[in-house]
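Source file: protein36.csv; contents: CSV, C-alpha atoms.
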```csv
chain,number,residue,atom,x,y,z
G,1281,MET,CA,1.4,14.5,51.5
G,1282,SER,CA,4.6,15.8,53.1
G,1283,VAL,CA,7.1,18.1,51.3
G,1284,MET,CA,9.6,15.2,51.5
G,1285,VAL,CA,7.2,12.8,49.8
G,1286,ASP,CA,6.3,15.4,47.2
G,1287,THR,CA,9.9,16.0,46.4
G,1288,ILE,CA,10.8,12.3,46.1
G,1289,VAL,CA,7.8,11.6,43.8
G,1290,SER,CA,8.4,14.7,41.7
G,1291,SER,CA,12.1,13.8,41.4
G,1292,LEU,CA,11.5,10.2,40.4
G,1293,GLU,CA,8.4,10.7,38.2
G,1294,PRO,CA,10.1,12.0,35.1
G,1295,TYR,CA,12.2,8.9,35.0
G,1296,VAL,CA,10.0,6.0,36.2
G,1297,GLY,CA,6.5,7.5,35.9
G,1298,ARG,CA,4.0,8.4,38.6
G,1299,MET,CA,2.9,4.9,39.6
G,1300,VAL,CA,6.4,3.5,40.1
G,1301,ALA,CA,7.5,6.7,41.9
G,1302,ASP,CA,4.6,6.3,44.4
G,1303,THR,CA,5.6,2.6,44.8
G,1304,CYS,CA,9.2,3.6,45.6
G,1305,VAL,CA,8.0,6.0,48.3
G,1306,ARG,CA,5.7,3.5,49.9
G,1307,ALA,CA,8.4,0.8,49.8
G,1308,THR,CA,10.9,3.1,51.4
G,1309,ALA,CA,8.4,4.1,54.1
G,1310,LEU,CA,7.4,0.5,54.8
G,1311,SER,CA,11.1,-0.5,55.2
G,1312,LEU,CA,11.3,2.1,58.0
G,1313,GLY,CA,8.0,1.0,59.6
G,1314,LYS,CA,6.3,4.2,58.6
G,1315,THR,CA,3.6,5.4,56.2
G,1316,ALA,CA,4.6,7.5,53.3
G,1317,ASP,CA,3.1,10.6,54.9
G,1318,ASP,CA,5.4,10.1,57.9
G,1319,LEU,CA,8.6,10.4,55.9
G,1320,GLY,CA,10.6,13.5,56.8
G,1321,ALA,CA,13.9,15.1,56.4
G,1322,GLY,CA,15.5,12.9,59.0
G,1323,ASP,CA,14.8,9.9,56.8
G,1324,PHE,CA,17.0,11.1,54.0
G,1325,SER,CA,19.7,8.5,54.5
G,1326,ALA,CA,17.2,5.7,54.3
G,1327,VAL,CA,15.5,7.3,51.3
G,1328,GLU,CA,18.9,7.7,49.6
G,1329,ALA,CA,19.8,4.0,50.2
G,1330,SER,CA,16.4,2.9,48.9
G,1331,VAL,CA,16.6,5.1,45.7
G,1332,ARG,CA,20.1,3.8,45.0
G,1333,ARG,CA,18.9,0.2,45.5
G,1334,LEU,CA,15.9,0.5,43.3
G,1335,LEU,CA,17.3,2.7,40.5
G,1336,ALA,CA,20.9,1.4,40.3
G,1337,PRO,CA,20.2,-1.5,37.9
G,1338,VAL,CA,18.0,0.5,35.5
G,1339,ALA,CA,19.2,4.2,35.6
G,1340,PRO,CA,22.4,5.9,34.6
G,1341,ALA,CA,24.5,6.8,37.7
G,1342,ALA,CA,24.2,10.5,36.7
G,1343,VAL,CA,20.4,10.3,36.9
G,1344,ILE,CA,20.5,8.7,40.4
G,1345,GLU,CA,22.8,11.4,41.7
G,1346,SER,CA,20.6,14.1,40.2
G,1347,VAL,CA,17.5,12.6,41.8
G,1348,LEU,CA,19.2,12.4,45.2
G,1349,ALA,CA,20.6,15.9,44.9
G,1350,GLN,CA,17.0,17.2,44.4
G,1351,ILE,CA,15.7,15.2,47.4
G,1352,GLY,CA,18.8,16.2,49.5
G,1353,GLU,CA,18.1,19.9,48.9
G,1354,VAL,CA,14.7,19.6,50.5
G,1355,ALA,CA,16.0,17.3,53.3
G,1356,ALA,CA,18.7,19.9,54.2
Z,492,MET,CA,15.1,22.4,27.8
Z,493,SER,CA,14.1,19.4,25.8
Z,494,VAL,CA,15.5,16.1,27.0
Z,495,VAL,CA,15.8,14.8,23.4
Z,496,SER,CA,19.1,16.1,22.1
Z,497,THR,CA,19.8,17.7,18.8
Z,498,ARG,CA,22.0,14.7,18.1
Z,499,THR,CA,19.1,12.3,18.4
Z,500,ARG,CA,16.8,14.5,16.3
Z,501,VAL,CA,19.5,14.8,13.6
Z,502,LEU,CA,20.1,11.1,13.8
Z,503,ALA,CA,16.5,10.2,13.3
Z,504,ALA,CA,16.0,12.7,10.5
Z,505,THR,CA,19.2,11.6,8.7
Z,506,ALA,CA,18.3,7.9,9.1
Z,507,PHE,CA,14.8,8.5,7.6
Z,508,ALA,CA,16.2,10.6,4.8
Z,509,ALA,CA,19.0,8.1,4.0
Z,510,ILE,CA,16.6,5.2,3.9
Z,511,ALA,CA,14.1,7.1,1.7
Z,512,ALA,CA,16.9,8.2,-0.6
Z,513,ILE,CA,18.2,4.7,-1.0
Z,514,TRP,CA,14.8,3.3,-1.6
Z,515,ALA,CA,14.0,6.0,-4.2
Z,516,LEU,CA,17.3,5.6,-6.0
Z,517,VAL,CA,16.9,1.8,-6.3
Z,518,ASN,CA,13.2,1.7,-7.1
Z,519,THR,CA,12.4,4.7,-9.3
Z,520,GLY,CA,14.5,3.7,-12.3
Z,521,VAL,CA,16.8,6.6,-11.9
Z,522,LEU,CA,19.8,4.2,-11.8
Z,523,ALA,CA,20.5,1.2,-14.0
Z,524,GLU,CA,20.5,-2.2,-12.5
Z,525,ASP,CA,24.1,-2.5,-11.5
Z,526,PRO,CA,24.5,1.0,-9.9
Z,527,ALA,CA,21.2,0.4,-8.1
Z,528,LEU,CA,22.5,-2.8,-6.6
Z,529,VAL,CA,25.6,-0.9,-5.4
Z,530,VAL,CA,23.5,1.8,-3.8
Z,531,SER,CA,21.2,-0.8,-2.2
Z,532,ASP,CA,24.1,-3.0,-0.8
Z,533,VAL,CA,26.5,-0.2,0.2
Z,534,GLY,CA,23.6,2.0,1.5
Z,535,SER,CA,22.3,-0.8,3.7
Z,536,ALA,CA,25.7,-1.7,5.1
Z,537,THR,CA,26.5,1.9,5.8
Z,538,VAL,CA,23.2,2.6,7.6
Z,539,ILE,CA,23.6,-0.5,9.8
Z,540,THR,CA,27.2,0.1,10.5
Z,541,ILE,CA,26.5,3.7,11.6
Z,542,ALA,CA,23.7,2.4,13.8
Z,543,GLY,CA,26.1,0.0,15.4
Z,544,ILE,CA,28.6,2.7,16.1
Z,545,VAL,CA,25.9,4.9,17.6
Z,546,VAL,CA,24.9,2.0,20.0
Z,547,LEU,CA,28.5,1.4,20.8
Z,548,ARG,CA,29.1,5.0,21.7
Z,549,THR,CA,26.1,4.8,24.0
Z,550,ALA,CA,27.5,1.7,25.7
Z,551,LEU,CA,30.9,3.3,26.1
Z,552,ALA,CA,29.4,6.6,27.4
Z,553,PHE,CA,28.7,4.7,30.7
Z,554,ARG,CA,31.5,3.8,33.0
Z,555,PRO,CA,32.8,0.2,33.1
Z,556,GLY,CA,30.8,-1.8,35.6
Z,557,GLU,CA,27.7,0.5,35.2
Z,558,PRO,CA,24.7,-1.7,34.4
Z,559,MET,CA,23.6,0.5,31.5
Z,560,ARG,CA,26.9,-0.4,29.7
Z,561,ARG,CA,26.2,-4.1,30.3
Z,562,TYR,CA,22.9,-3.8,28.5
Z,563,TRP,CA,23.9,-1.6,25.6
Z,564,LEU,CA,27.3,-3.3,24.8
Z,565,PRO,CA,25.8,-6.7,23.6
Z,566,ILE,CA,23.2,-4.8,21.5
Z,567,ALA,CA,26.0,-2.8,19.9
Z,568,ILE,CA,27.9,-6.0,19.2
Z,569,GLY,CA,24.8,-7.5,17.6
Z,570,VAL,CA,24.2,-4.5,15.4
Z,571,LEU,CA,27.9,-4.4,14.4
Z,572,CYS,CA,27.7,-8.2,13.5
Z,573,THR,CA,24.9,-7.4,11.1
Z,574,GLY,CA,26.9,-4.4,9.7
Z,575,ILE,CA,29.9,-6.7,9.0
Z,576,GLY,CA,27.6,-9.3,7.5
Z,577,ASP,CA,26.2,-6.7,5.2
Z,578,TRP,CA,29.7,-5.6,4.0
Z,579,VAL,CA,30.6,-9.2,3.4
Z,580,TRP,CA,27.4,-9.7,1.4
Z,581,MET,CA,28.2,-6.5,-0.5
Z,582,TYR,CA,31.6,-7.9,-1.4
Z,583,TYR,CA,30.0,-11.1,-2.7
Z,584,GLU,CA,27.2,-9.5,-4.6
Z,585,VAL,CA,28.7,-6.3,-5.9
Z,586,ILE,CA,32.4,-7.0,-6.3
Z,587,ARG,CA,32.3,-10.8,-7.2
Z,588,GLY,CA,28.9,-10.9,-8.7
Z,589,LEU,CA,27.9,-13.9,-6.6
Z,590,GLU,CA,24.9,-14.6,-4.4
Z,591,PRO,CA,26.1,-17.6,-2.2
Z,592,TYR,CA,23.6,-18.9,0.4
Z,593,PRO,CA,24.7,-19.9,3.0
Z,594,SER,CA,27.8,-17.7,3.0
Z,595,LEU,CA,30.3,-16.1,5.4
Z,596,ALA,CA,27.8,-13.2,5.7
Z,597,ASP,CA,25.3,-15.6,7.4
Z,598,VAL,CA,27.8,-16.3,10.1
Z,599,PHE,CA,27.6,-12.6,11.1
Z,600,TYR,CA,23.9,-12.4,10.6
Z,601,VAL,CA,23.2,-15.4,12.8
Z,602,ALA,CA,25.7,-14.2,15.4
Z,603,GLN,CA,23.6,-11.0,16.1
Z,604,TYR,CA,20.7,-12.8,17.8
Z,605,PRO,CA,22.2,-14.0,21.1
Z,606,PHE,CA,23.6,-10.5,21.7
Z,607,TYR,CA,20.1,-8.9,21.4
Z,608,ALA,CA,18.6,-11.5,23.6
Z,609,PHE,CA,21.2,-11.1,26.3
Z,610,GLY,CA,21.2,-7.3,26.3
Z,611,LEU,CA,17.4,-6.9,26.3
Z,612,ILE,CA,16.6,-9.7,28.8
Z,613,SER,CA,19.2,-8.4,31.2
Z,614,ALA,CA,17.8,-4.9,30.9
Z,615,ALA,CA,14.2,-6.1,31.4
Z,616,LEU,CA,15.1,-8.3,34.4
Z,617,ALA,CA,16.9,-5.3,36.0
Z,618,TYR,CA,13.5,-3.7,36.6
Z,619,LYS,CA,12.4,-6.5,38.9
Z,620,ALA,CA,12.7,-4.3,42.0
Z,621,LEU,CA,10.5,-1.7,40.5
Z,622,VAL,CA,7.8,-3.5,38.6
Z,623,ASP,CA,6.4,-7.0,38.0
Z,624,VAL,CA,8.6,-8.7,35.4
Z,625,LYS,CA,7.2,-12.3,35.7
Z,626,ARG,CA,3.9,-11.6,33.9
Z,627,PRO,CA,5.6,-9.8,30.9
Z,628,MET,CA,8.1,-12.7,30.7
Z,629,VAL,CA,5.3,-15.3,30.6
Z,630,LEU,CA,3.3,-13.3,28.1
Z,631,ALA,CA,6.4,-12.8,25.8
Z,632,SER,CA,7.3,-16.4,26.1
Z,633,ALA,CA,3.7,-17.5,25.2
Z,634,LEU,CA,3.6,-15.1,22.2
Z,635,ALA,CA,7.0,-16.5,21.1
Z,636,LEU,CA,5.8,-20.0,21.3
Z,637,LEU,CA,2.6,-19.2,19.3
Z,638,ALA,CA,4.5,-17.3,16.7
Z,639,SER,CA,7.1,-20.0,16.4
Z,640,LEU,CA,4.4,-22.6,15.9
Z,641,GLY,CA,2.7,-20.3,13.3
Z,642,VAL,CA,5.9,-19.7,11.3
Z,643,THR,CA,6.8,-23.4,11.5
Z,644,LEU,CA,3.4,-24.6,10.4
Z,645,GLY,CA,2.6,-21.8,8.0
Z,646,LEU,CA,6.0,-21.1,6.4
Z,647,LEU,CA,8.8,-23.5,7.2
Z,648,LEU,CA,7.1,-26.9,7.0
Z,649,PRO,CA,4.9,-26.4,3.9
Z,650,TYR,CA,7.4,-24.3,1.8
Z,651,ILE,CA,11.0,-24.4,3.0
Z,652,ILE,CA,11.6,-27.7,4.8
Z,653,SER,CA,9.6,-29.7,2.3
Z,654,ASP,CA,11.2,-28.1,-0.8
Z,655,PRO,CA,13.1,-31.0,-2.5
Z,656,GLU,CA,15.2,-28.6,-4.5
Z,657,GLU,CA,16.8,-27.0,-1.5
Z,658,THR,CA,20.0,-28.3,0.3
Z,659,LEU,CA,19.9,-29.2,4.0
Z,660,ALA,CA,22.1,-26.2,4.8
Z,661,VAL,CA,19.6,-23.9,3.1
Z,662,LYS,CA,16.7,-25.5,4.9
Z,663,VAL,CA,18.4,-25.2,8.3
Z,664,LEU,CA,19.5,-21.6,7.8
Z,665,SER,CA,16.2,-20.5,6.3
Z,666,SER,CA,14.4,-22.0,9.3
Z,667,LEU,CA,16.9,-20.6,11.8
Z,668,TYR,CA,16.4,-17.0,10.7
Z,669,PRO,CA,12.7,-16.6,11.4
Z,670,LEU,CA,12.8,-18.8,14.5
Z,671,ALA,CA,15.8,-16.8,15.9
Z,672,ASP,CA,14.0,-13.6,15.1
Z,673,ILE,CA,11.0,-14.7,17.1
Z,674,VAL,CA,12.7,-16.3,20.1
Z,675,LEU,CA,15.9,-14.1,20.4
Z,676,ALA,CA,14.8,-10.8,19.0
Z,677,ALA,CA,11.0,-10.3,19.0
Z,678,ALA,CA,10.3,-12.1,22.3
Z,679,PRO,CA,12.9,-10.1,24.3
Z,680,ALA,CA,11.6,-7.0,22.5
Z,681,VAL,CA,8.0,-7.7,23.6
Z,682,PHE,CA,9.3,-8.6,27.1
Z,683,ILE,CA,11.1,-5.3,27.7
Z,684,ALA,CA,8.3,-3.3,26.0
Z,685,LEU,CA,5.8,-4.8,28.4
Z,686,VAL,CA,8.1,-4.3,31.4
Z,687,VAL,CA,8.8,-0.6,30.7
Z,688,SER,CA,5.1,0.0,29.8
Z,689,ARG,CA,4.6,0.1,33.6
Z,690,LEU,CA,6.7,3.3,33.7
Z,691,GLY,CA,4.1,5.2,31.7
Z,692,GLY,CA,5.8,8.3,30.2
Z,693,GLY,CA,8.9,7.8,32.3
Z,694,ARG,CA,12.1,8.6,30.4
Z,695,LEU,CA,13.9,5.3,31.3
Z,696,ALA,CA,11.3,3.6,29.1
Z,697,TRP,CA,12.0,5.7,25.9
Z,698,PRO,CA,15.2,4.0,24.7
Z,699,TRP,CA,13.9,0.5,25.2
Z,700,ARG,CA,10.6,1.3,23.4
Z,701,ALA,CA,12.6,2.4,20.3
Z,702,VAL,CA,14.8,-0.7,20.5
Z,703,ALA,CA,11.8,-2.9,20.8
Z,704,VAL,CA,10.2,-1.3,17.7
Z,705,GLY,CA,13.5,-1.9,15.8
Z,706,LEU,CA,13.7,-5.6,16.7
Z,707,LEU,CA,10.1,-6.2,15.9
Z,708,LEU,CA,10.7,-4.6,12.5
Z,709,LEU,CA,13.8,-6.8,12.1
Z,710,ALA,CA,11.8,-9.9,12.9
Z,711,GLY,CA,9.0,-9.0,10.5
Z,712,ALA,CA,11.5,-8.2,7.7
Z,713,ASP,CA,13.4,-11.4,8.2
Z,714,THR,CA,10.3,-13.5,8.2
Z,715,TRP,CA,9.0,-11.8,5.1
Z,716,PHE,CA,12.4,-12.2,3.5
Z,717,SER,CA,12.4,-16.0,4.2
Z,718,TRP,CA,9.1,-16.4,2.4
Z,719,SER,CA,9.9,-14.0,-0.5
Z,720,ASP,CA,13.4,-15.5,-1.0
Z,721,TRP,CA,11.8,-19.0,-1.2
Z,722,ALA,CA,9.1,-17.6,-3.6
Z,723,GLY,CA,11.8,-15.9,-5.7
Z,724,SER,CA,10.1,-12.5,-5.4
Z,725,TYR,CA,12.8,-10.8,-3.3
Z,726,SER,CA,14.8,-8.0,-5.0
Z,727,ALA,CA,17.5,-5.8,-3.5
Z,728,GLY,CA,16.1,-2.4,-2.4
Z,729,SER,CA,12.6,-3.7,-1.8
Z,730,LEU,CA,10.4,-2.8,1.1
Z,731,ILE,CA,12.1,-5.6,3.1
Z,732,ASP,CA,15.4,-3.7,2.8
Z,733,VAL,CA,13.7,-0.5,4.0
Z,734,MET,CA,12.3,-2.5,7.0
Z,735,TRP,CA,15.8,-3.8,7.8
Z,736,MET,CA,17.4,-0.3,7.6
Z,737,GLY,CA,14.5,1.2,9.6
Z,738,ALA,CA,14.9,-1.5,12.2
Z,739,PHE,CA,18.5,-0.5,12.9
Z,740,GLY,CA,17.7,3.2,12.6
Z,741,ALA,CA,15.1,2.7,15.4
Z,742,ILE,CA,17.7,0.8,17.5
Z,743,ALA,CA,20.2,3.7,17.0
Z,744,VAL,CA,17.7,6.3,17.9
Z,745,GLY,CA,16.9,4.3,21.1
Z,746,ALA,CA,20.6,4.2,22.0
Z,747,SER,CA,20.9,7.9,21.4
Z,748,LEU,CA,17.9,8.5,23.7
Z,749,GLY,CA,19.7,6.4,26.3
Z,750,ARG,CA,22.5,8.9,26.3
Z,751,ASP,CA,20.1,11.8,26.2
Z,752,ILE,CA,18.6,10.7,29.5
Z,753,ALA,CA,21.9,10.6,31.3
Z,754,MET,CA,24.0,13.4,29.7
Z,755,PRO,CA,22.0,16.6,30.5
Z,756,VAL,CA,21.8,15.4,34.1
Z,757,ALA,CA,25.5,14.8,34.2
Z,758,ALA,CA,26.1,18.4,32.8
Z,759,GLU,CA,23.7,19.8,35.5
Z,760,ALA,CA,25.6,17.8,38.2
Z,761,THR,CA,28.9,19.3,37.0
Z,762,ARG,CA,27.4,22.8,37.0
Z,763,ARG,CA,26.1,22.3,40.6
Z,764,ALA,CA,29.5,21.0,41.7
Z,765,ALA,CA,31.2,24.0,40.2
```

Encoded form using structure tokens:
Amino acid sequence: MSVMVDTIVSSLEPYVGRMVADTCVRATALSLGKTADDLGAGDFSAVEASVRRLLAPVAPAAVIESVLAQIGEVAA
Amino acid sequence: MSVVSTRTRVLAATAFAAIAAIWALVNTGVLAEDPALVVSDVGSATVITIAGIVVLRTALAFRPGEPMRRYWLPIAIGVLCTGIGDWVWMYYEVIRGLEPYPSLADVFYVAQYPFYAFGLISAALAYKALVDVKRPMVLASALALLASLGVTLGLLLPYIISDPEETLAVKVLSSLYPLADIVLAAAPAVFIALVVSRLGGGRLAWPWRAVAVGLLLLAGADTWFSWSDWAGSYSAGSLIDVMWMGAFGAIAVGASLGRDIAMPVAAEATRRAA
């Protein structure tokens, strides 16, 4: 698994559990026409949009920003 | 650093201690009958009102328009309705020495249910982009249907509705409570519990699990009360009262956990920005 994917999963897992975190990554990759392993730093904006769309209805805004900040640090 | 705040830990411990103290004062013969009634009624109203304030604070901790506020606010209103109902009942029973049924207190008690249903069903449906919500909804609905049938056939028809000594208002209200508990409290509680079970140990599930436990306790206590009130075996301060207070204690702890998930993260974000 790529560092990007590891980071996304490890950022999401404390909040939504491992299974849903994996699903989020696969759904994001699929929306880009890629596999999860192909996700890289250049896909950060798509990952950000996907995380916001999936988590916005169920997570506090502060949690979403924190998750994105962790992913963004790796993407940068 | 633990995600569960000192506030939540203190709240849980205080709720447990307060409920145990109220039960002990009322049931161990330390107090005479009248003071025991005061402790039971005032204690219950206080516990439930504080629970309502805790849930309201959680709702208001989120910005207007934020979805979390839309889920917690109706639940807070529901709990506060129950708290107001308890104070009204305390006025009747303790101050005026009356036990009217139905009464103004029942208006507030009945009003709580739609708020729980709205808050919990909205919160559960919000997970539809992450997990399957249809199967939990069908399962919760099926359980509600079975439980409603069971309560109707096992409690309402043989004992309450067929009782020739009861007025129509009493029959309607005594039937409404257990059915509303099943359909508008227990079923939404099962629904959200099943939905968030897909999150495993994920923190977003914690608050809703506690709220679900609280509403299932509430439904159990109300159904037990309907039967024991009809049988004439209910007394203030009994285990049913403990279940009621415990239900709202669990809901308050759930709401406090809801803040715990967001607030340390917000503090960290502020630190990073600085």

Open item on the list: Just want the 9 Å neighbourhood of Arg626 of chain Z, counted on all atoms listed in the file, with same-chain residues fewer than 4 positions away dropped. Output as a PyMOL selection string.
Closed with: chain Z and resi 630-631+685-686

Task: Check: which chain G residues lie within 8 Å of chain Z using all atoms listed in the file, as a PyMOL selection string - done: chain G and resi 1293-1300+1303-1304+1334+1336-1343+1345-1346

TODO: For Ser1325 of chain G, work out the shell of residues within 12 Å, counting only C-alpha atoms and skipping chain neighbours fewer than 6 positions away, then give it as a PyMOL selection string.
DONE: chain G and resi 1308+1312+1319+1331-1332+1348+1351-1352+1355-1356

Task: One-decimal distance in Å that lies between atom CA of Thr573 of chain Z and atom CA of Phe599 of chain Z - done: 5.9 Å

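For the pair atom CA of Val529 of chain Z and atom CA of Ile575 of chain Z, the separation is 16.1 Å.
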
Open item on the list: If we count all atoms listed in the file and set the cut-off at 9 Å, which residues sit around Ser1282 of chain G, ignoring sequence neighbours fewer than 4 positions away in its own chain? Please answer as a list in words.
Closed with: Asp1286, Thr1287, Ala1316, Asp1317, Asp1318, Leu1319 and Gly1320 of chain G

TODO: Identify, on the basis of all atoms listed in the file, every residue whose closest approach to segment 652-668 of chain Z does not exceed 7 Å; exclude the query and any residue fewer than 6 positions from it along the same chain; express the result as a list in words.
DONE: Tyr592, Pro593, Asp713 and Ser717 of chain Z

Open item on the list: Could you list, as JSON, numbers by chain, every residue within 9 Å of segment 637-645 of chain Z, counting only C-alpha atoms and ignoring same-chain residues fewer than 4 positions away?
Closed with: {"Z": [632, 633, 649, 650, 666, 669, 670, 673, 674, 714]}

File of the preceding selection, C-alpha atoms, as a PDB file, keeping the file's coordinate frame:
```pdb
ATOM      1  CA  SER Z 632       7.300 -16.400  26.100  1.00  0.00           C
ATOM      2  CA  ALA Z 633       3.700 -17.500  25.200  1.00  0.00           C
ATOM      3  CA  PRO Z 649       4.900 -26.400   3.900  1.00  0.00           C
ATOM      4  CA  TYR Z 650       7.400 -24.300   1.800  1.00  0.00           C
ATOM      5  CA  SER Z 666      14.400 -22.000   9.300  1.00  0.00           C
ATOM      6  CA  PRO Z 669      12.700 -16.600  11.400  1.00  0.00           C
ATOM      7  CA  LEU Z 670      12.800 -18.800  14.500  1.00  0.00           C
ATOM      8  CA  ILE Z 673      11.000 -14.700  17.100  1.00  0.00           C
ATOM      9  CA  VAL Z 674      12.700 -16.300  20.100  1.00  0.00           C
ATOM     10  CA  THR Z 714      10.300 -13.500   8.200  1.00  0.00           C
TER      11      THR Z 714
END
```

Output as a Markdown table one row per residue of segment 571-614 of chain Z within 9 Å of segment 541-546 of chain Z: the closest atom pair and its distance in Å to one decimal place, counting only C-alpha atoms, sorted by chain and residue number ascending.
```
| residue | atom | partner | partner_atom | distance |
| --- | --- | --- | --- | --- |
| Z:Leu571 | CA | Z:Gly543 | CA | 4.9 |
| Z:Cys572 | CA | Z:Gly543 | CA | 8.6 |
| Z:Thr573 | CA | Z:Gly543 | CA | 8.6 |
| Z:Gly574 | CA | Z:Gly543 | CA | 7.2 |
```

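Across the model, the gap from atom CA of Thr497 of chain Z to atom CA of Ala743 of chain Z is 14.1 Å.
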
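Residue nearest Val1289 of chain G within the list G:Ala1301, G:Ala1326, G:Val1347, G:Ala1307: G:Ala1301 [criterion: smallest interatomic distance, all atoms listed in the file].
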
Task: Selected residue, from Z:Ala701, Z:Met736, Z:Ile742, Z:Ala727, that lies nearest to Asn518 of chain Z when counting only C-alpha atoms - done: Z:Ala727

Some atoms are absent from segment 581-595 of chain Z, so rebuild N, CA, C and O atoms and return them as a compact mmCIF listing (two decimals), keeping the file's coordinate frame.
```
# COMPACT_ATOMS: atom_id res chain seq x y z
N MET Z 581 27.91 -7.45 0.53
CA MET Z 581 28.20 -6.50 -0.50
C MET Z 581 29.37 -6.93 -1.38
O MET Z 581 29.36 -6.86 -2.60
N TYR Z 582 30.42 -7.46 -0.69
CA TYR Z 582 31.60 -7.90 -1.40
C TYR Z 582 31.22 -9.08 -2.36
O TYR Z 582 31.61 -9.09 -3.52
N TYR Z 583 30.44 -10.04 -1.86
CA TYR Z 583 30.00 -11.10 -2.70
C TYR Z 583 29.20 -10.65 -3.90
O TYR Z 583 29.48 -10.97 -5.05
N GLU Z 584 28.17 -9.85 -3.60
CA GLU Z 584 27.20 -9.50 -4.60
C GLU Z 584 27.65 -8.48 -5.60
O GLU Z 584 27.49 -8.62 -6.82
N VAL Z 585 28.28 -7.42 -5.08
CA VAL Z 585 28.70 -6.30 -5.90
C VAL Z 585 30.02 -6.52 -6.59
O VAL Z 585 30.19 -6.31 -7.80
N ILE Z 586 30.99 -6.94 -5.79
CA ILE Z 586 32.40 -7.00 -6.30
C ILE Z 586 32.57 -8.35 -7.08
O ILE Z 586 33.15 -8.37 -8.16
N ARG Z 587 32.09 -9.46 -6.52
CA ARG Z 587 32.30 -10.80 -7.20
C ARG Z 587 31.14 -11.22 -8.02
O ARG Z 587 31.24 -12.22 -8.73
N GLY Z 588 30.02 -10.56 -7.93
CA GLY Z 588 28.90 -10.90 -8.70
C GLY Z 588 28.25 -12.26 -8.34
O GLY Z 588 27.66 -12.97 -9.16
N LEU Z 589 28.40 -12.63 -7.06
CA LEU Z 589 27.90 -13.90 -6.60
C LEU Z 589 26.76 -13.68 -5.57
O LEU Z 589 26.68 -12.63 -4.94
N GLU Z 590 25.90 -14.70 -5.41
CA GLU Z 590 24.90 -14.60 -4.40
C GLU Z 590 24.85 -15.96 -3.60
O GLU Z 590 23.87 -16.72 -3.63
N PRO Z 591 25.98 -16.26 -2.91
CA PRO Z 591 26.10 -17.60 -2.20
C PRO Z 591 25.14 -17.60 -1.00
O PRO Z 591 24.99 -16.61 -0.29
N TYR Z 592 24.51 -18.74 -0.78
CA TYR Z 592 23.60 -18.90 0.40
C TYR Z 592 23.63 -20.38 0.75
O TYR Z 592 23.23 -21.20 -0.08
N PRO Z 593 24.13 -20.71 1.91
CA PRO Z 593 24.70 -19.90 3.00
C PRO Z 593 26.08 -19.35 2.58
O PRO Z 593 26.73 -19.90 1.68
N SER Z 594 26.52 -18.32 3.29
CA SER Z 594 27.80 -17.70 3.00
C SER Z 594 28.42 -17.23 4.34
O SER Z 594 27.78 -17.31 5.40
N LEU Z 595 29.62 -16.67 4.24
CA LEU Z 595 30.30 -16.10 5.40
C LEU Z 595 29.40 -14.99 6.04
O LEU Z 595 29.39 -14.80 7.26
```
